[in-house]
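S.K.: Okay, so here is upload_13.txt, and as you'll see once you scroll down, it has compact mmCIF, C-alpha atoms and all ligand atoms.
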# COMPACT_ATOMS: atom_id res chain seq x y z
CA MET A 1 -68.49 -8.41 -36.09
CA LEU A 2 -67.71 -6.84 -32.70
CA PHE A 3 -64.19 -5.99 -33.86
CA SER A 4 -65.30 -4.20 -37.04
CA ASN A 5 -68.09 -2.40 -35.16
CA ALA A 6 -65.65 -1.22 -32.49
CA VAL A 7 -63.09 0.02 -35.02
CA GLU A 8 -65.78 1.86 -36.95
CA LYS A 9 -67.14 3.39 -33.76
CA LEU A 10 -63.73 4.64 -32.70
CA ALA A 11 -62.88 5.95 -36.12
CA CYS A 12 -66.08 7.98 -36.38
CA GLU A 13 -66.50 8.99 -32.75
CA PRO A 14 -63.16 9.83 -31.10
CA ALA A 15 -64.86 10.46 -27.73
CA TYR A 16 -64.86 6.69 -27.25
CA THR A 17 -61.12 6.39 -27.83
CA ARG A 18 -59.87 6.95 -24.30
CA PRO A 19 -62.50 4.90 -22.40
CA ILE A 20 -61.82 1.92 -24.66
CA SER A 21 -58.08 2.24 -25.18
CA ASP A 22 -57.51 2.53 -21.40
CA LEU A 23 -58.79 -1.04 -20.90
CA TYR A 24 -56.39 -3.97 -20.47
CA PRO A 25 -55.10 -4.87 -23.98
CA GLY A 26 -53.38 -8.17 -23.15
CA PRO A 27 -49.76 -9.05 -22.32
CA ASN A 28 -48.36 -8.13 -25.72
CA GLN A 29 -49.35 -4.47 -25.50
CA PRO A 30 -48.18 -1.71 -23.12
CA PRO A 31 -50.20 -1.88 -19.87
CA PRO A 32 -53.12 0.54 -19.41
CA PRO A 33 -52.87 3.52 -17.05
CA PHE A 34 -53.22 2.67 -13.37
CA THR A 35 -56.30 4.86 -12.97
CA TYR A 36 -59.33 4.95 -15.23
CA SER A 37 -60.66 8.39 -16.04
CA PRO A 38 -64.38 9.07 -15.77
CA LEU A 39 -66.30 8.49 -18.96
CA PRO A 40 -66.69 11.57 -21.16
CA ASP A 41 -70.11 12.80 -22.19
CA ILE A 42 -70.88 10.46 -25.06
CA SER A 43 -74.63 10.76 -24.80
CA LEU A 44 -74.80 12.78 -28.02
CA PRO A 45 -73.58 10.90 -31.09
CA THR A 46 -71.17 12.73 -33.32
CA ASN A 47 -72.69 13.54 -36.67
CA THR A 48 -70.00 12.41 -39.08
CA HIS A 49 -70.05 11.02 -42.57
CA PRO A 50 -69.83 7.20 -42.42
CA SER A 51 -66.93 7.13 -44.86
CA TYR A 52 -64.93 9.79 -43.01
CA PHE A 53 -62.66 8.53 -40.25
CA SER A 54 -61.83 11.35 -37.88
CA ALA A 55 -59.31 9.43 -35.76
CA VAL A 56 -56.42 7.01 -36.18
CA VAL A 57 -57.27 3.63 -34.65
CA ASP A 58 -54.68 1.11 -33.43
CA VAL A 59 -56.50 -2.01 -34.60
CA GLY A 60 -53.95 -4.36 -33.01
CA LYS A 61 -54.57 -2.83 -29.62
CA ILE A 62 -58.33 -2.86 -30.13
CA GLU A 63 -58.19 -6.55 -31.00
CA GLY A 64 -56.33 -7.22 -27.76
CA ILE A 65 -58.79 -5.14 -25.74
CA LEU A 66 -61.76 -7.02 -27.17
CA THR A 67 -60.05 -10.37 -26.58
CA TYR A 68 -59.58 -9.65 -22.90
CA ASN A 69 -62.62 -7.52 -22.07
CA CYS A 70 -65.67 -8.53 -24.05
CA PHE A 71 -68.60 -10.35 -22.47
CA THR A 72 -70.80 -13.06 -23.90
CA PRO A 73 -74.31 -12.14 -22.77
CA SER A 74 -76.29 -15.11 -21.59
CA SER A 75 -79.85 -15.49 -22.68
CA ALA A 76 -82.63 -14.39 -20.36
CA GLY A 77 -85.04 -16.38 -22.46
CA PRO A 78 -87.42 -19.16 -21.47
CA VAL A 79 -86.19 -22.12 -19.48
CA ASN A 80 -86.24 -25.60 -20.98
CA PHE A 81 -88.08 -27.61 -18.35
CA GLU A 82 -87.27 -30.84 -20.18
CA GLY A 83 -83.68 -30.21 -19.23
CA ASP A 84 -84.43 -29.89 -15.54
CA ASP A 85 -81.48 -28.57 -13.51
CA LYS A 86 -79.28 -28.37 -16.57
CA VAL A 87 -76.26 -26.12 -16.35
CA GLU A 88 -76.45 -23.05 -18.54
CA ASP A 89 -73.54 -22.66 -20.93
CA VAL A 90 -72.33 -19.07 -21.20
CA ARG A 91 -68.84 -19.78 -22.47
CA PRO A 92 -67.41 -16.68 -24.10
CA ASP A 93 -65.43 -18.64 -26.66
CA SER A 94 -68.43 -20.34 -28.25
CA ASP A 95 -68.24 -19.51 -31.93
CA ASP A 96 -71.96 -18.86 -32.27
CA SER A 97 -72.20 -16.63 -29.19
CA ALA A 98 -72.89 -12.93 -29.29
CA SER A 99 -70.29 -10.73 -27.65
CA ALA A 100 -70.28 -7.17 -26.39
CA LEU A 101 -67.97 -4.70 -24.71
CA PHE A 102 -69.30 -3.02 -21.56
CA LEU A 103 -66.86 -0.36 -20.42
CA LEU A 104 -67.35 -0.27 -16.65
CA PRO A 105 -67.92 -4.02 -16.09
CA ALA A 106 -64.71 -4.59 -18.10
CA LEU A 107 -62.81 -2.99 -15.23
CA PHE A 108 -63.91 -5.62 -12.69
CA ASN A 109 -61.43 -8.24 -11.54
CA HIS A 110 -62.32 -11.92 -11.54
CA SER A 111 -63.54 -14.43 -8.99
CA CYS A 112 -65.01 -17.84 -9.92
CA ASP A 113 -67.55 -17.19 -7.18
CA GLY A 114 -67.75 -13.42 -7.45
CA ASN A 115 -69.73 -11.15 -5.16
CA THR A 116 -71.38 -9.65 -8.24
CA HIS A 117 -73.63 -11.35 -10.78
CA TRP A 118 -74.18 -10.02 -14.26
CA LYS A 119 -77.00 -10.52 -16.69
CA CYS A 120 -77.80 -8.96 -20.04
CA PHE A 121 -81.21 -7.83 -21.20
CA GLY A 122 -80.75 -6.90 -24.82
CA ASP A 123 -77.78 -4.55 -24.87
CA VAL A 124 -78.17 -3.56 -21.21
CA MET A 125 -76.05 -5.30 -18.59
CA VAL A 126 -77.41 -5.47 -15.06
CA LEU A 127 -75.00 -6.05 -12.18
CA ARG A 128 -76.35 -7.41 -8.90
CA ALA A 129 -74.51 -7.95 -5.63
CA SER A 130 -74.68 -11.68 -4.93
CA ARG A 131 -74.12 -11.26 -1.19
CA ASP A 132 -73.82 -8.58 1.44
CA VAL A 133 -70.85 -6.41 0.50
CA SER A 134 -69.31 -4.15 3.10
CA GLU A 135 -68.03 -0.71 2.20
CA GLY A 136 -64.58 -0.82 0.68
CA THR A 137 -64.84 -4.43 -0.49
CA GLU A 138 -63.79 -4.95 -4.09
CA LEU A 139 -66.58 -6.01 -6.42
CA LEU A 140 -65.61 -9.13 -8.36
CA LEU A 141 -67.40 -10.97 -11.13
CA SER A 142 -66.77 -14.17 -12.98
CA TYR A 143 -65.12 -13.83 -16.40
CA PHE A 144 -65.82 -17.39 -17.24
CA GLN A 145 -68.32 -19.92 -15.99
CA ASP A 146 -67.58 -23.54 -15.37
CA VAL A 147 -68.47 -25.78 -12.49
CA ALA A 148 -65.33 -27.90 -12.48
CA HIS A 149 -61.90 -26.72 -11.34
CA GLU A 150 -59.76 -27.84 -14.30
CA PRO A 151 -61.76 -26.24 -17.14
CA ARG A 152 -61.96 -23.05 -15.10
CA GLN A 153 -58.17 -22.90 -14.84
CA LYS A 154 -57.75 -23.75 -18.49
CA HIS A 155 -59.91 -20.88 -19.68
CA LEU A 156 -58.75 -18.41 -17.06
CA ALA A 157 -55.14 -18.97 -18.16
CA LYS A 158 -55.82 -16.28 -20.75
CA TRP A 159 -55.88 -13.68 -17.98
CA PHE A 160 -53.55 -15.03 -15.30
CA PRO A 161 -51.51 -18.17 -14.58
CA GLU A 162 -53.48 -19.32 -11.54
CA CYS A 163 -56.81 -18.19 -10.12
CA THR A 164 -56.59 -17.37 -6.42
CA CYS A 165 -60.29 -16.86 -5.65
CA ASP A 166 -61.73 -18.55 -2.55
CA LEU A 167 -63.31 -21.35 -4.59
CA CYS A 168 -60.08 -22.21 -6.41
CA LEU A 169 -58.06 -22.02 -3.17
CA ALA A 170 -60.54 -24.41 -1.53
CA ASP A 171 -60.28 -26.77 -4.51
CA ARG A 172 -56.48 -26.73 -4.37
CA ALA A 173 -56.55 -27.34 -0.62
CA ASP A 174 -58.51 -30.54 -1.35
CA GLY A 175 -55.50 -31.68 -3.40
CA GLU A 176 -54.74 -32.79 -6.95
CA VAL A 177 -55.93 -36.33 -6.29
CA ALA A 178 -59.34 -35.08 -5.15
CA ILE A 179 -59.65 -32.72 -8.12
CA SER A 180 -58.79 -35.51 -10.59
CA LYS A 181 -61.17 -37.86 -8.84
CA ARG A 182 -64.01 -35.36 -9.29
CA VAL A 183 -63.31 -35.17 -13.01
CA SER A 184 -63.35 -38.95 -13.24
CA ILE A 185 -66.60 -39.22 -11.27
CA SER A 186 -68.21 -36.51 -13.36
CA ASN A 187 -67.27 -38.27 -16.60
CA ASP A 188 -68.50 -41.64 -15.32
CA PHE A 189 -71.71 -40.05 -14.07
CA GLU A 190 -72.46 -38.34 -17.39
CA GLU A 191 -71.86 -41.61 -19.21
CA TYR A 192 -74.09 -43.45 -16.76
CA MET A 193 -76.88 -40.90 -17.24
CA LYS A 194 -76.81 -41.62 -20.97
CA THR A 195 -76.83 -45.38 -20.70
CA GLY A 196 -77.93 -46.32 -17.17
CA PRO A 197 -81.15 -48.12 -16.31
CA ALA A 198 -84.28 -46.07 -15.60
CA ASP A 199 -85.41 -48.15 -12.65
CA ARG A 200 -84.86 -48.12 -8.91
CA THR A 201 -81.29 -49.39 -9.20
CA THR A 202 -80.52 -45.94 -10.58
CA ILE A 203 -81.04 -44.49 -7.12
CA THR A 204 -78.53 -46.89 -5.58
CA ASN A 205 -75.94 -46.13 -8.24
CA LEU A 206 -76.50 -42.38 -8.08
CA LYS A 207 -76.03 -42.50 -4.33
CA LYS A 208 -72.68 -44.22 -4.89
CA TYR A 209 -71.56 -41.50 -7.30
CA LEU A 210 -72.71 -38.84 -4.85
CA LYS A 211 -70.99 -40.44 -1.86
CA THR A 212 -67.72 -40.84 -3.77
CA ALA A 213 -67.86 -37.22 -4.95
CA GLN A 214 -68.69 -35.93 -1.46
CA ASN A 215 -65.62 -37.71 -0.09
CA THR A 216 -63.36 -35.67 -2.37
CA TYR A 217 -64.20 -32.48 -0.45
CA HIS A 218 -62.44 -31.65 2.77
CA PRO A 219 -65.11 -31.52 5.50
CA ASP A 220 -63.99 -28.06 6.61
CA ARG A 221 -63.93 -26.38 3.21
CA ASN A 222 -66.37 -23.62 2.29
CA VAL A 223 -69.94 -24.54 1.60
CA ILE A 224 -69.81 -24.32 -2.17
CA ARG A 225 -69.31 -27.69 -3.77
CA PRO A 226 -70.53 -27.08 -7.30
CA GLU A 227 -69.69 -30.52 -8.72
CA LEU A 228 -72.30 -32.01 -6.37
CA PHE A 229 -75.18 -29.98 -7.82
CA ARG A 230 -75.82 -32.23 -10.81
CA LEU A 231 -75.53 -35.37 -8.69
CA HIS A 232 -78.05 -34.17 -6.12
CA ALA A 233 -80.36 -32.97 -8.90
CA ALA A 234 -80.19 -36.28 -10.76
CA LEU A 235 -80.86 -38.19 -7.57
CA ALA A 236 -83.82 -35.92 -6.80
CA GLN A 237 -85.30 -36.57 -10.23
CA SER A 238 -84.87 -40.29 -9.79
CA CYS A 239 -86.56 -40.16 -6.37
CA GLN A 240 -89.37 -38.10 -7.88
CA ARG A 241 -89.93 -40.70 -10.58
CA HIS A 242 -90.28 -43.37 -7.90
CA GLY A 243 -92.68 -41.34 -5.75
CA MET A 244 -90.14 -40.82 -2.97
CA VAL A 245 -91.34 -37.33 -2.14
CA LYS A 246 -89.32 -36.68 1.00
CA ASP A 247 -86.04 -37.91 -0.54
CA ASP A 248 -86.78 -35.88 -3.66
CA LEU A 249 -87.14 -32.68 -1.64
CA LEU A 250 -84.13 -33.38 0.58
CA GLN A 251 -81.92 -33.90 -2.47
CA ARG A 252 -83.17 -30.67 -4.01
CA PHE A 253 -82.41 -28.80 -0.78
CA ALA A 254 -78.93 -30.35 -0.86
CA SER A 255 -78.39 -29.29 -4.47
CA LEU A 256 -79.25 -25.69 -3.57
CA LYS A 257 -76.79 -25.80 -0.69
CA SER A 258 -74.02 -27.22 -2.90
CA ALA A 259 -74.45 -24.18 -5.17
CA GLY A 260 -74.06 -21.78 -2.24
CA LEU A 261 -77.63 -21.09 -1.12
CA ASP A 262 -78.30 -21.32 2.58
CA VAL A 263 -81.54 -23.30 2.98
CA ILE A 264 -82.76 -22.50 6.47
CA ASP A 265 -86.18 -24.08 6.36
CA GLN A 266 -85.88 -27.70 5.23
CA SER A 267 -89.18 -28.70 6.80
CA ILE A 268 -91.48 -30.79 4.65
CA THR A 269 -94.40 -31.08 7.03
CA GLY A 270 -95.41 -29.55 10.35
CA PRO A 271 -94.98 -25.96 11.51
CA ILE A 272 -93.35 -23.45 9.22
CA LEU A 273 -89.94 -22.31 10.38
CA GLN A 274 -89.96 -18.51 10.16
CA SER A 275 -86.50 -18.13 8.83
CA SER A 276 -85.37 -15.08 6.93
CA GLN A 277 -86.54 -11.56 7.64
CA ILE A 278 -88.77 -11.54 4.60
CA GLY A 279 -90.25 -14.95 5.32
CA LEU A 280 -88.37 -17.04 2.77
CA PRO A 281 -87.13 -20.60 3.36
CA ILE A 282 -83.65 -19.52 2.24
CA SER A 283 -81.23 -16.95 3.57
CA THR A 284 -81.05 -13.78 1.52
CA SER A 285 -77.45 -13.17 2.59
CA ARG A 286 -76.13 -14.54 -0.70
CA LEU A 287 -77.13 -15.84 -4.12
CA PRO A 288 -75.85 -19.16 -5.42
CA MET A 289 -72.82 -19.42 -7.68
CA MET A 290 -73.66 -17.45 -10.82
CA LEU A 291 -73.43 -20.35 -13.25
CA LEU A 292 -75.87 -22.35 -11.15
CA SER A 293 -78.28 -19.53 -10.34
CA ARG A 294 -80.68 -20.37 -13.16
CA SER A 295 -80.56 -24.06 -12.33
CA CYS A 296 -81.26 -23.19 -8.70
CA CYS A 297 -84.35 -21.25 -9.77
CA ILE A 298 -85.59 -24.31 -11.67
CA THR A 299 -84.91 -26.41 -8.58
CA MET A 300 -86.93 -24.02 -6.42
CA LEU A 301 -89.73 -24.18 -8.97
CA ASN A 302 -89.69 -27.97 -8.70
CA ILE A 303 -89.78 -27.76 -4.91
CA ALA A 304 -92.74 -25.37 -5.04
CA SER A 305 -94.50 -27.64 -7.53
CA THR A 306 -94.03 -30.69 -5.32
CA PHE A 307 -95.42 -28.88 -2.29
CA TYR A 308 -98.39 -27.61 -4.26
CA HIS A 309 -99.35 -30.60 -6.38
CA VAL A 310 -98.11 -33.60 -4.40
CA LEU A 311 -98.23 -32.52 -0.76
CA VAL A 312 -101.08 -30.01 -1.24
CA ASP A 313 -99.20 -27.53 0.93
CA GLN A 314 -100.03 -24.14 -0.51
CA VAL A 315 -98.17 -22.19 2.16
CA ARG A 316 -94.81 -23.86 1.55
CA ALA A 317 -95.38 -23.76 -2.20
CA GLU A 318 -95.88 -20.02 -2.05
CA ARG A 319 -92.79 -19.52 0.14
CA TRP A 320 -90.61 -21.39 -2.36
CA MET A 321 -92.11 -19.46 -5.26
CA ARG A 322 -91.22 -16.22 -3.49
CA ALA A 323 -87.71 -17.56 -2.92
CA LEU A 324 -87.50 -18.25 -6.63
CA TRP A 325 -88.52 -14.69 -7.49
CA TRP A 326 -85.94 -13.33 -5.05
CA GLY A 327 -83.26 -15.50 -6.64
CA GLN A 328 -84.09 -14.56 -10.22
ZN ZN B 401 -61.17 -19.16 -9.19
Give the structure from this file in structure tokens form.
M.R.:
Amino acid sequence: MLFSNAVEKLACEPAYTRPISDLYPGPNQPPPPFTYSPLPDISLPTNTHPSYFSAVVDVGKIEGILTYNCFTPSSAGPVNFEGDDKVEDVRPDSDDSASALFLLPALFNHSCDGNTHWKCFGDVMVLRASRDVSEGTELLLSYFQDVAHEPRQKHLAKWFPECTCDLCLADRADGEVAISKRVSISNDFEEYMKTGPADRTTITNLKKYLKTAQNTYHPDRNVIRPELFRLHAALAQSCQRHGMVKDDLLQRFASLKSAGLDVIDQSITGPILQSSQIGLPISTSRLPMMLLSRSCCITMLNIASTFYHVLVDQVRAERWMRALWWGQ
């Protein structure tokens, strides 16, 4: 559908030809020009007969451009609270996914943990800096979202042989054995979550999975350890079911940190630690990894709910709700 719409658009409205045909068309086509010209004035649609094509369109090139530049907008719809902390799937190669071409975002280079997040509201894409960005720093966004290292490399192979973003470099520095071990732990954990017992022994077993996974990360690597998010979240849920309020909250704090959020106020009782400038329990210096940002918001909602309903601490509940709104 996107392909036929794009061809029709180009055929009827030649003003779009240069902005689209100057995008990267894939390795089998001549490379695009080094510089990208400003967009022409395309605010006024050309009034042409729908059966009259006013331009010649290279459909092979357009197919390549769409293959390498289109986005799969993720839904901004309601959250499924049954699936607490579930990872949102925004894979662009899902057959039933919508896809769209956004001209300027298509020019961005990739980072698995980019300094720019993107979100679509209808046919409008909103880009948001995910951390403080100094002048002159390249803006990077994630072409493809996956928590684990291997599937990221597999899908990114379409664009380049090896991703060299900070997250991938940190993963590779941990070593092939550690990366494979994480895959194995993740598979075992998912299987266990389907079949494991729903009693207190779950906590013991989940702690074992978590400990083993934690040991695969070099202690000095960067703070993002995305494979730990699900483990911390599962452990938190298990603690919650058993009324272990403090452990529940500590695991949720840990899950936020594994996704890249800096939790500065981990207090559960006692005086409030006045942390960030705007009075949030988290640092506003960066958002979590994009794929986990929605799950982090659900986690913060759970934290706020626990403070409000279980610990009857309205002040902390409100602070975590405000953190959630900031992170949205
Ligand atoms: Zn990467």
S.K.: Calculated over all atoms listed in the file, which of the candidates A:Glu13, A:Asp171, A:Glu227, A:Asp220 has the smallest distance to ligand ZN 401 (chain B)?
M.R.: A:Asp171
S.K.: Select, from A:Ala157, A:Leu287, A:Met1, A:Ala213, the residue with the minimum atom-to-atom distance to Thr116 in chain A, counting all atoms listed in the file.
M.R.: A:Leu287
S.K.: Identify, counting only C-alpha atoms and all ligand atoms, the protein, DNA and RNA residues located within 10 Å of ligand ZN 401 (chain B), and give them as a PyMOL selection string.
M.R.: chain A and resi 110-114+142-146+149+152-153+156+162-171
S.K.: Rounded to one decimal in Å, what is the spacing between CA of Lys154 in chain A and CA of Ser293 in chain A?
M.R.: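 Distance between the two atoms: 22.5 Å.
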S.K.: Write out as a PyMOL selection string which residues come within 12 Å of Asn187 in chain A when counting only C-alpha atoms, dropping same-chain ones fewer than 6 positions away.
M.R.: chain A and resi 148+180-181+193-194+209+213+227+230-231
S.K.: So that I can check the surroundings of Ser258 in chain A, please list as a short mmCIF file (atom, residue, chain, number, x, y, z; two decimals) with C-alpha atoms, keeping the file's coordinate frame every protein, DNA and RNA residue that reaches within 8 Å of it, counting only C-alpha atoms and ignoring chain neighbours fewer than 5 positions away.
M.R.:
data_model
loop_
_atom_site.label_atom_id
_atom_site.label_comp_id
_atom_site.auth_asym_id
_atom_site.auth_seq_id
_atom_site.Cartn_x
_atom_site.Cartn_y
_atom_site.Cartn_z
CA VAL A 223 -69.94 -24.54 1.60
CA ILE A 224 -69.81 -24.32 -2.17
CA ARG A 225 -69.31 -27.69 -3.77
CA PRO A 226 -70.53 -27.08 -7.30
CA GLU A 227 -69.69 -30.52 -8.72
CA LEU A 228 -72.30 -32.01 -6.37
CA PHE A 229 -75.18 -29.98 -7.82
#
